[in-house]
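Below: the structure, in C-alpha cells.
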Amino acid sequence: VLTVPVPSIDEARQQWLVLWDHAGRSQAEAGFLLARVTELVGHAAMDRRRAAELHRQYLIERASATARIGIWSCSLPDEQLSWSDGVYDLFELPRGSTVSRAQTLKMYMPHSRRRMQALRARAIKTLGAFNFDAEIVTSTGKHRWMRITATVDGVDGQARRIFGMKQDVTEEKLLAERTRRMAETDALTGLANRGLFQSRLDDLRDDSQARPIGALILIDLDRFKSINDTLGHAQGDACLIEAGRRLTAHCAPEALVARIGGDEFAILFVRAEHKRARERARELVRGISEIVVNCNGTAISVSASLGLAAYNGDTDAESLIERADRAMYADKQHGGRAARLTTHG
C-alpha cells in the first residue's frame, strides 16, 4: 500500500492518494514507485495551481478592463516599472512594451506632474500612501483623467516599492464638468448665471483668488420690455443673445460676464484690468448700440444703461453692487449711453 499526500489549494482540506498493489515488491522497488508517484502527484498539483493562478489573473484583468483599472508597481530606488494591461491601455502604449518612468512623466500635464511628484516624494519619505486625479495626454494625443492610488512598501524604514492602481475617470470628470457648467450657465445666452456671479462676489475679500476682483459693471438694456411686447419673445431672446455675445467680445477672457436677470447683465473685471474698466464700458455702450432689431420694416437700435463701480479694497459685495446700481440708474436718468462711474460709497 502506497499513501502519498496530495498538495491542495485549499489547505483546510487535506487529501491523500492511496495505491494498492497485490504484486510483491522489494523495498527498493517500493521506494522507487513511491518517489515516482509523489513526483507525478506534485506535477499535477503544480499544474492545478498554475491553472488556478492564470484563471485568477484572467478574472482580475477582465474586471480591471470593465472598470478601466490597471495595476502598477515601481521598484525603488531603481524605479523599474511593472504594469498590467489596463495601464498600457490607459496610456495607449503597446501592451508589454518596455516603459520608463521618465517616459511616462512626459505624458502628464504640467500641473498634474508637479502635484504627483510632490505627493509621491512625501509618501516615499513617510512610507505612506496617496491618491489624486491626474490629467494626462496619451501616446495618440488624447486628453484623459486618471485616478491614481499609491502605497509605499518598505523594509527597515527604507522604501523599496510603490504600487497601486490607475483608473480612467475621464467620463466621470466630463460629466462633472458638464453638470457644473449647467449649474453655472445661463441657458439662453451661455453666459455665467446669477449663481456664479454671486459666488465670485462672495469671495470679494479673498486676495488669494486666481482672479481677484477689480471693478464691477452693471448693464441694463433700455426699453427692452417694449421690444418683447412689440416684436415677441423670440426677437427679444435673439436680442439678449446678441447683447451677451457683444459684451463677451469686448471683455478680456479673465472677466466674468454674467446675465443676472431678464435684461440685466454684469461684468466683473479682474484687478489687473480695473484701470481700463471705464474704457471698456464705453466700448460696451458702443457695441450694444450697434444691435438693430426689425419692427415691421422699421429698424430699432438697442441701447443700454451702464453703471461702473471700482473695487476700493475695503468694499463688501453689497456695497459694490449698490454703488454700481446707483451709477447705472443715474445713466438711465440721463438717457443712457454714457456709462456712469462711481468709485466711492
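Chain labels A, B, ... are given in the sequence in which chains occur in the C-alpha cells; within each chain residues are numbered consecutively from 1, and ligands are likewise numbered from 1 in the order shown.
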Quiz item: Neighbours of region 164-172 of chain A within 6 Å (only C-alpha atoms; same-chain residues fewer than 3 positions away dropped), as an MDAnalysis selection string?
Solution: chainID A and resid 68:72 144:150 175
From a DSSP calculation on the backbone, collect every residue of region 190-318 of chain A in strand (DSSP E) and output the set as a PDB file with N, CA, C and O atoms, in the first residue's frame.
```
ATOM      1  N   ILE A 213     -11.088  90.505  -7.863  1.00  0.00           N
ATOM      2  CA  ILE A 213     -11.992  91.464  -8.488  1.00  0.00           C
ATOM      3  C   ILE A 213     -11.408  92.870  -8.425  1.00  0.00           C
ATOM      4  O   ILE A 213     -10.870  93.302  -7.405  1.00  0.00           O
ATOM      5  N   GLY A 214     -11.535  93.606  -9.541  1.00  0.00           N
ATOM      6  CA  GLY A 214     -11.063  94.986  -9.593  1.00  0.00           C
ATOM      7  C   GLY A 214     -12.182  95.987  -9.808  1.00  0.00           C
ATOM      8  O   GLY A 214     -12.109  97.117  -9.321  1.00  0.00           O
ATOM      9  N   ALA A 215     -13.235  95.607 -10.531  1.00  0.00           N
ATOM     10  CA  ALA A 215     -14.336  96.532 -10.807  1.00  0.00           C
ATOM     11  C   ALA A 215     -15.566  95.745 -11.231  1.00  0.00           C
ATOM     12  O   ALA A 215     -15.467  94.591 -11.683  1.00  0.00           O
ATOM     13  N   LEU A 216     -16.716  96.404 -11.070  1.00  0.00           N
ATOM     14  CA  LEU A 216     -18.000  95.803 -11.446  1.00  0.00           C
ATOM     15  C   LEU A 216     -18.744  96.752 -12.377  1.00  0.00           C
ATOM     16  O   LEU A 216     -18.827  97.956 -12.128  1.00  0.00           O
ATOM     17  N   ILE A 217     -19.282  96.223 -13.457  1.00  0.00           N
ATOM     18  CA  ILE A 217     -20.166  96.977 -14.353  1.00  0.00           C
ATOM     19  C   ILE A 217     -21.525  96.286 -14.361  1.00  0.00           C
ATOM     20  O   ILE A 217     -21.617  95.072 -14.545  1.00  0.00           O
ATOM     21  N   LEU A 218     -22.578  97.060 -14.158  1.00  0.00           N
ATOM     22  CA  LEU A 218     -23.942  96.574 -14.313  1.00  0.00           C
ATOM     23  C   LEU A 218     -24.509  97.167 -15.597  1.00  0.00           C
ATOM     24  O   LEU A 218     -24.313  98.363 -15.878  1.00  0.00           O
ATOM     25  N   ILE A 219     -25.205  96.359 -16.368  1.00  0.00           N
ATOM     26  CA  ILE A 219     -25.762  96.782 -17.656  1.00  0.00           C
ATOM     27  C   ILE A 219     -27.244  96.439 -17.692  1.00  0.00           C
ATOM     28  O   ILE A 219     -27.642  95.318 -17.327  1.00  0.00           O
ATOM     29  N   ASP A 220     -28.043  97.399 -18.120  1.00  0.00           N
ATOM     30  CA  ASP A 220     -29.479  97.171 -18.269  1.00  0.00           C
ATOM     31  C   ASP A 220     -29.894  97.647 -19.659  1.00  0.00           C
ATOM     32  O   ASP A 220     -29.630  98.807 -20.031  1.00  0.00           O
ATOM     33  N   LEU A 221     -30.505  96.772 -20.442  1.00  0.00           N
ATOM     34  CA  LEU A 221     -30.954  97.160 -21.782  1.00  0.00           C
ATOM     35  C   LEU A 221     -32.147  98.106 -21.656  1.00  0.00           C
ATOM     36  O   LEU A 221     -33.103  97.812 -20.926  1.00  0.00           O
ATOM     37  N   LEU A 256     -15.507  88.099 -15.893  1.00  0.00           N
ATOM     38  CA  LEU A 256     -16.695  87.254 -15.781  1.00  0.00           C
ATOM     39  C   LEU A 256     -17.891  88.045 -16.293  1.00  0.00           C
ATOM     40  O   LEU A 256     -18.268  89.066 -15.715  1.00  0.00           O
ATOM     41  N   VAL A 257     -18.478  87.583 -17.397  1.00  0.00           N
ATOM     42  CA  VAL A 257     -19.658  88.218 -17.982  1.00  0.00           C
ATOM     43  C   VAL A 257     -20.863  87.352 -17.627  1.00  0.00           C
ATOM     44  O   VAL A 257     -20.889  86.158 -17.940  1.00  0.00           O
ATOM     45  N   ALA A 258     -21.862  87.953 -16.973  1.00  0.00           N
ATOM     46  CA  ALA A 258     -22.995  87.170 -16.481  1.00  0.00           C
ATOM     47  C   ALA A 258     -24.311  87.833 -16.852  1.00  0.00           C
ATOM     48  O   ALA A 258     -24.412  89.069 -16.949  1.00  0.00           O
ATOM     49  N   ARG A 259     -25.322  87.015 -17.052  1.00  0.00           N
ATOM     50  CA  ARG A 259     -26.700  87.511 -17.148  1.00  0.00           C
ATOM     51  C   ARG A 259     -27.330  87.273 -15.787  1.00  0.00           C
ATOM     52  O   ARG A 259     -27.455  86.119 -15.346  1.00  0.00           O
ATOM     53  N   GLU A 264     -30.793  92.169 -17.629  1.00  0.00           N
ATOM     54  CA  GLU A 264     -29.713  92.725 -16.821  1.00  0.00           C
ATOM     55  C   GLU A 264     -28.463  91.857 -16.933  1.00  0.00           C
ATOM     56  O   GLU A 264     -28.529  90.623 -16.839  1.00  0.00           O
ATOM     57  N   PHE A 265     -27.334  92.511 -17.108  1.00  0.00           N
ATOM     58  CA  PHE A 265     -26.047  91.826 -17.220  1.00  0.00           C
ATOM     59  C   PHE A 265     -25.077  92.441 -16.220  1.00  0.00           C
ATOM     60  O   PHE A 265     -25.274  93.568 -15.739  1.00  0.00           O
ATOM     61  N   ALA A 266     -24.035  91.690 -15.922  1.00  0.00           N
ATOM     62  CA  ALA A 266     -22.996  92.186 -15.019  1.00  0.00           C
ATOM     63  C   ALA A 266     -21.644  91.686 -15.505  1.00  0.00           C
ATOM     64  O   ALA A 266     -21.541  90.589 -16.075  1.00  0.00           O
ATOM     65  N   ILE A 267     -20.633  92.499 -15.273  1.00  0.00           N
ATOM     66  CA  ILE A 267     -19.273  92.110 -15.641  1.00  0.00           C
ATOM     67  C   ILE A 267     -18.356  92.377 -14.453  1.00  0.00           C
ATOM     68  O   ILE A 267     -18.359  93.477 -13.887  1.00  0.00           O
ATOM     69  N   LEU A 268     -17.595  91.374 -14.073  1.00  0.00           N
ATOM     70  CA  LEU A 268     -16.583  91.524 -13.032  1.00  0.00           C
ATOM     71  C   LEU A 268     -15.217  91.537 -13.696  1.00  0.00           C
ATOM     72  O   LEU A 268     -14.830  90.572 -14.362  1.00  0.00           O
ATOM     73  N   PHE A 269     -14.512  92.637 -13.537  1.00  0.00           N
ATOM     74  CA  PHE A 269     -13.161  92.754 -14.088  1.00  0.00           C
ATOM     75  C   PHE A 269     -12.140  92.333 -13.041  1.00  0.00           C
ATOM     76  O   PHE A 269     -12.286  92.619 -11.848  1.00  0.00           O
ATOM     77  N   VAL A 270     -11.093  91.676 -13.487  1.00  0.00           N
ATOM     78  CA  VAL A 270     -10.022  91.320 -12.556  1.00  0.00           C
ATOM     79  C   VAL A 270      -9.221  92.570 -12.227  1.00  0.00           C
ATOM     80  O   VAL A 270      -9.283  93.590 -12.919  1.00  0.00           O
ATOM     81  N   VAL A 292     -29.389  96.004 -33.854  1.00  0.00           N
ATOM     82  CA  VAL A 292     -30.582  96.552 -34.520  1.00  0.00           C
ATOM     83  C   VAL A 292     -31.598  95.426 -34.679  1.00  0.00           C
ATOM     84  O   VAL A 292     -31.266  94.331 -35.140  1.00  0.00           O
ATOM     85  N   VAL A 293     -32.853  95.695 -34.274  1.00  0.00           N
ATOM     86  CA  VAL A 293     -33.931  94.734 -34.496  1.00  0.00           C
ATOM     87  C   VAL A 293     -34.921  95.349 -35.471  1.00  0.00           C
ATOM     88  O   VAL A 293     -35.056  96.579 -35.577  1.00  0.00           O
ATOM     89  N   ASN A 294     -35.630  94.498 -36.192  1.00  0.00           N
ATOM     90  CA  ASN A 294     -36.533  94.969 -37.239  1.00  0.00           C
ATOM     91  C   ASN A 294     -37.973  94.861 -36.765  1.00  0.00           C
ATOM     92  O   ASN A 294     -38.427  93.799 -36.350  1.00  0.00           O
ATOM     93  N   CYS A 295     -38.681  95.974 -36.807  1.00  0.00           N
ATOM     94  CA  CYS A 295     -40.093  96.006 -36.407  1.00  0.00           C
ATOM     95  C   CYS A 295     -40.940  96.471 -37.588  1.00  0.00           C
ATOM     96  O   CYS A 295     -40.987  97.682 -37.885  1.00  0.00           O
ATOM     97  N   THR A 298     -39.202  98.594 -39.847  1.00  0.00           N
ATOM     98  CA  THR A 298     -38.514  99.714 -39.210  1.00  0.00           C
ATOM     99  C   THR A 298     -37.376  99.190 -38.345  1.00  0.00           C
ATOM    100  O   THR A 298     -37.588  98.308 -37.508  1.00  0.00           O
ATOM    101  N   ALA A 299     -36.181  99.718 -38.542  1.00  0.00           N
ATOM    102  CA  ALA A 299     -35.022  99.293 -37.759  1.00  0.00           C
ATOM    103  C   ALA A 299     -35.009 100.018 -36.420  1.00  0.00           C
ATOM    104  O   ALA A 299     -35.139 101.245 -36.361  1.00  0.00           O
ATOM    105  N   ILE A 300     -34.885  99.249 -35.348  1.00  0.00           N
ATOM    106  CA  ILE A 300     -34.836  99.820 -33.999  1.00  0.00           C
ATOM    107  C   ILE A 300     -33.488  99.482 -33.374  1.00  0.00           C
ATOM    108  O   ILE A 300     -33.115  98.312 -33.278  1.00  0.00           O
ATOM    109  N   SER A 301     -32.766 100.513 -32.975  1.00  0.00           N
ATOM    110  CA  SER A 301     -31.469 100.299 -32.331  1.00  0.00           C
ATOM    111  C   SER A 301     -31.678 100.025 -30.842  1.00  0.00           C
ATOM    112  O   SER A 301     -32.565 100.605 -30.201  1.00  0.00           O
ATOM    113  N   ALA A 304     -28.329 100.759 -23.985  1.00  0.00           N
ATOM    114  CA  ALA A 304     -28.163 100.204 -22.653  1.00  0.00           C
ATOM    115  C   ALA A 304     -27.678 101.281 -21.700  1.00  0.00           C
ATOM    116  O   ALA A 304     -27.014 102.242 -22.099  1.00  0.00           O
ATOM    117  N   SER A 305     -28.030 101.132 -20.434  1.00  0.00           N
ATOM    118  CA  SER A 305     -27.506 101.983 -19.376  1.00  0.00           C
ATOM    119  C   SER A 305     -26.496 101.173 -18.583  1.00  0.00           C
ATOM    120  O   SER A 305     -26.737 100.001 -18.263  1.00  0.00           O
ATOM    121  N   LEU A 306     -25.359 101.810 -18.271  1.00  0.00           N
ATOM    122  CA  LEU A 306     -24.284 101.103 -17.577  1.00  0.00           C
ATOM    123  C   LEU A 306     -23.887 101.855 -16.325  1.00  0.00           C
ATOM    124  O   LEU A 306     -23.883 103.093 -16.291  1.00  0.00           O
ATOM    125  N   GLY A 307     -23.555 101.115 -15.293  1.00  0.00           N
ATOM    126  CA  GLY A 307     -23.025 101.700 -14.069  1.00  0.00           C
ATOM    127  C   GLY A 307     -21.752 100.979 -13.677  1.00  0.00           C
ATOM    128  O   GLY A 307     -21.706  99.742 -13.640  1.00  0.00           O
ATOM    129  N   LEU A 308     -20.709 101.744 -13.388  1.00  0.00           N
ATOM    130  CA  LEU A 308     -19.397 101.171 -13.074  1.00  0.00           C
ATOM    131  C   LEU A 308     -19.003 101.529 -11.653  1.00  0.00           C
ATOM    132  O   LEU A 308     -19.085 102.694 -11.249  1.00  0.00           O
ATOM    133  N   ALA A 309     -18.564 100.539 -10.885  1.00  0.00           N
ATOM    134  CA  ALA A 309     -18.041 100.759  -9.540  1.00  0.00           C
ATOM    135  C   ALA A 309     -16.701 100.064  -9.421  1.00  0.00           C
ATOM    136  O   ALA A 309     -16.596  98.861  -9.673  1.00  0.00           O
ATOM    137  N   ALA A 310     -15.688 100.839  -9.062  1.00  0.00           N
ATOM    138  CA  ALA A 310     -14.350 100.263  -8.875  1.00  0.00           C
ATOM    139  C   ALA A 310     -14.228  99.720  -7.460  1.00  0.00           C
ATOM    140  O   ALA A 310     -14.715 100.317  -6.497  1.00  0.00           O
TER     141      ALA A 310
END
```
Quiz prompt | Polymer residues at most 10 Å from Val137 (chain A), only C-alpha atoms, same-chain spacing of 3 or more positions, as a PyMOL selection string | solution = chain A and resi 90-92+104+106-109+140-145
Convert the current residue selection to file output with N, CA, C and O atoms, as a compact mmCIF listing (two decimals), in the first residue's frame.
```txt
# COMPACT_ATOMS: atom_id res chain seq x y z
N LEU A 90 -4.54 52.55 -20.82
CA LEU A 90 -4.86 53.90 -20.39
C LEU A 90 -3.95 54.93 -21.06
O LEU A 90 -4.39 55.98 -21.52
N PHE A 91 -2.66 54.60 -21.14
CA PHE A 91 -1.69 55.50 -21.78
C PHE A 91 -1.64 55.29 -23.30
O PHE A 91 -0.92 56.00 -23.98
N GLU A 92 -2.36 54.29 -23.78
CA GLU A 92 -2.36 53.93 -25.20
C GLU A 92 -0.95 53.58 -25.67
O GLU A 92 -0.48 54.04 -26.71
N THR A 104 6.91 58.14 -19.06
CA THR A 104 5.52 58.34 -18.67
C THR A 104 5.31 59.71 -18.04
O THR A 104 4.23 60.31 -18.20
N LYS A 106 6.46 62.46 -18.96
CA LYS A 106 6.25 63.44 -20.03
C LYS A 106 4.80 63.45 -20.52
O LYS A 106 4.38 64.40 -21.17
N MET A 107 4.05 62.40 -20.19
CA MET A 107 2.67 62.31 -20.66
C MET A 107 1.69 62.95 -19.67
O MET A 107 0.49 63.04 -19.95
N TYR A 108 2.19 63.39 -18.52
CA TYR A 108 1.35 64.11 -17.56
C TYR A 108 1.30 65.59 -17.94
O TYR A 108 2.31 66.17 -18.34
N MET A 109 0.13 66.22 -17.76
CA MET A 109 0.05 67.66 -17.90
C MET A 109 0.88 68.30 -16.78
O MET A 109 0.98 67.74 -15.68
N THR A 140 -1.40 58.87 -28.36
CA THR A 140 -2.06 59.31 -29.59
C THR A 140 -2.61 60.73 -29.47
O THR A 140 -3.34 61.18 -30.35
N GLY A 141 -2.29 61.41 -28.36
CA GLY A 141 -2.70 62.80 -28.21
C GLY A 141 -4.03 63.02 -27.54
O GLY A 141 -4.52 64.15 -27.48
N LYS A 142 -4.65 61.98 -26.98
CA LYS A 142 -5.93 62.14 -26.30
C LYS A 142 -5.71 62.64 -24.87
O LYS A 142 -4.81 62.16 -24.18
N HIS A 143 -6.56 63.55 -24.44
CA HIS A 143 -6.53 64.02 -23.05
C HIS A 143 -7.41 63.10 -22.21
O HIS A 143 -8.56 62.85 -22.55
N ARG A 144 -6.83 62.62 -21.13
CA ARG A 144 -7.58 61.74 -20.23
C ARG A 144 -7.32 62.13 -18.78
O ARG A 144 -6.28 62.70 -18.45
N TRP A 145 -8.30 61.78 -17.93
CA TRP A 145 -8.13 61.93 -16.49
C TRP A 145 -7.93 60.55 -15.89
O TRP A 145 -8.64 59.60 -16.24
```
Exercise. Figure out the distance between CA of Asp229 (chain A) and CA of Thr248 (chain A), please, to one decimal in Å.
Key: 26.5 Å
Exercise. Write out as number ranges by chain the residues lying within 8 Å of region 121-126 of chain A, counting only C-alpha atoms and excluding same-chain residues fewer than 6 positions away.
Key: A: 151-152, 159, 162
Using backbone DSSP assignments, extract all helix (DSSP H, G or I) residues from region 63-234 of chain A; output them as a PDB file with C-alpha atoms, in the first residue's frame.
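For reference, result16.pdb as written:
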```pdb
ATOM      1  CA  ALA A  63     -12.659  43.059 -14.031  1.00  0.00           C
ATOM      2  CA  SER A  64      -9.951  45.707 -14.425  1.00  0.00           C
ATOM      3  CA  ALA A  65     -10.817  46.221 -18.090  1.00  0.00           C
ATOM      4  CA  THR A  66     -14.506  46.604 -17.237  1.00  0.00           C
ATOM      5  CA  ALA A  67     -13.721  49.177 -14.543  1.00  0.00           C
ATOM      6  CA  ASP A  85      -2.574  45.597 -19.483  1.00  0.00           C
ATOM      7  CA  GLY A  86      -5.026  48.159 -18.122  1.00  0.00           C
ATOM      8  CA  VAL A  87      -2.282  50.734 -17.516  1.00  0.00           C
ATOM      9  CA  TYR A  88      -0.835  50.253 -21.010  1.00  0.00           C
ATOM     10  CA  ASP A  89      -4.322  50.758 -22.450  1.00  0.00           C
ATOM     11  CA  LEU A  90      -4.862  53.897 -20.385  1.00  0.00           C
ATOM     12  CA  PHE A  91      -1.692  55.495 -21.779  1.00  0.00           C
ATOM     13  CA  ARG A 101       9.200  56.428 -15.587  1.00  0.00           C
ATOM     14  CA  ALA A 102      10.840  59.365 -17.374  1.00  0.00           C
ATOM     15  CA  GLN A 103       8.851  58.470 -20.487  1.00  0.00           C
ATOM     16  CA  THR A 104       5.520  58.344 -18.672  1.00  0.00           C
ATOM     17  CA  LEU A 105       6.161  61.553 -16.730  1.00  0.00           C
ATOM     18  CA  PRO A 110       2.445  70.032 -16.076  1.00  0.00           C
ATOM     19  CA  HIS A 111       0.095  70.837 -13.173  1.00  0.00           C
ATOM     20  CA  SER A 112      -0.646  67.139 -12.627  1.00  0.00           C
ATOM     21  CA  ARG A 113       3.020  66.181 -12.893  1.00  0.00           C
ATOM     22  CA  ARG A 114       4.035  68.709 -10.216  1.00  0.00           C
ATOM     23  CA  ARG A 115       1.262  67.576  -7.893  1.00  0.00           C
ATOM     24  CA  MET A 116       2.006  63.891  -8.384  1.00  0.00           C
ATOM     25  CA  GLN A 117       5.753  64.354  -7.818  1.00  0.00           C
ATOM     26  CA  ALA A 118       5.132  66.180  -4.553  1.00  0.00           C
ATOM     27  CA  LEU A 119       2.670  63.563  -3.255  1.00  0.00           C
ATOM     28  CA  ARG A 120       4.944  60.711  -4.316  1.00  0.00           C
ATOM     29  CA  ALA A 121       8.022  62.184  -2.650  1.00  0.00           C
ATOM     30  CA  ARG A 122       6.155  62.665   0.621  1.00  0.00           C
ATOM     31  CA  ALA A 123       4.723  59.130   0.531  1.00  0.00           C
ATOM     32  CA  ILE A 124       8.169  57.623  -0.104  1.00  0.00           C
ATOM     33  CA  LYS A 125       9.667  59.661   2.724  1.00  0.00           C
ATOM     34  CA  THR A 126       6.972  58.633   5.219  1.00  0.00           C
ATOM     35  CA  THR A 170     -12.348  60.757 -17.950  1.00  0.00           C
ATOM     36  CA  GLU A 171     -16.083  60.221 -18.393  1.00  0.00           C
ATOM     37  CA  GLU A 172     -16.673  60.939 -14.716  1.00  0.00           C
ATOM     38  CA  LYS A 173     -14.723  64.201 -14.999  1.00  0.00           C
ATOM     39  CA  LEU A 174     -16.538  65.253 -18.180  1.00  0.00           C
ATOM     40  CA  LEU A 175     -19.913  64.540 -16.602  1.00  0.00           C
ATOM     41  CA  ALA A 176     -18.967  66.536 -13.501  1.00  0.00           C
ATOM     42  CA  GLU A 177     -17.785  69.416 -15.692  1.00  0.00           C
ATOM     43  CA  ARG A 178     -20.999  69.362 -17.747  1.00  0.00           C
ATOM     44  CA  THR A 179     -23.055  69.331 -14.559  1.00  0.00           C
ATOM     45  CA  ARG A 180     -21.044  72.218 -13.127  1.00  0.00           C
ATOM     46  CA  ARG A 181     -21.409  74.241 -16.308  1.00  0.00           C
ATOM     47  CA  MET A 182     -25.147  73.647 -16.406  1.00  0.00           C
ATOM     48  CA  ALA A 183     -25.412  74.812 -12.799  1.00  0.00           C
ATOM     49  CA  GLU A 184     -23.344  77.945 -13.511  1.00  0.00           C
ATOM     50  CA  ARG A 194     -26.500  84.840 -11.287  1.00  0.00           C
ATOM     51  CA  GLY A 195     -25.376  81.967  -9.053  1.00  0.00           C
ATOM     52  CA  LEU A 196     -21.809  82.006 -10.377  1.00  0.00           C
ATOM     53  CA  PHE A 197     -21.769  85.812 -10.338  1.00  0.00           C
ATOM     54  CA  GLN A 198     -22.822  85.855  -6.682  1.00  0.00           C
ATOM     55  CA  SER A 199     -20.282  83.166  -5.819  1.00  0.00           C
ATOM     56  CA  ARG A 200     -17.491  85.329  -7.234  1.00  0.00           C
ATOM     57  CA  LEU A 201     -18.739  88.322  -5.265  1.00  0.00           C
ATOM     58  CA  ASP A 202     -18.838  86.266  -2.060  1.00  0.00           C
ATOM     59  CA  PHE A 224     -36.349  96.053 -23.546  1.00  0.00           C
ATOM     60  CA  LYS A 225     -39.914  95.322 -22.432  1.00  0.00           C
ATOM     61  CA  SER A 226     -41.237  97.216 -25.439  1.00  0.00           C
ATOM     62  CA  ILE A 227     -39.147  95.015 -27.747  1.00  0.00           C
ATOM     63  CA  ASN A 228     -40.657  91.911 -26.185  1.00  0.00           C
ATOM     64  CA  ASP A 229     -44.181  93.356 -26.292  1.00  0.00           C
ATOM     65  CA  THR A 230     -43.878  94.674 -29.860  1.00  0.00           C
ATOM     66  CA  LEU A 231     -41.784  92.035 -31.607  1.00  0.00           C
ATOM     67  CA  HIS A 233     -40.216  86.920 -27.141  1.00  0.00           C
ATOM     68  CA  ALA A 234     -38.328  85.221 -29.971  1.00  0.00           C
TER      69      ALA A 234
END
```
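Considering only C-alpha atoms, the residue among A:Thr189, A:Thr138, A:Ser100, A:Asn131 positioned nearest to Ser82 (chain A) is A:Ser100.
Distances here use only C-alpha atoms; by that measure, the residue among A:Val99, A:Leu240, A:Gln158, A:Arg48 closest to Pro77 (chain A) is A:Gln158.
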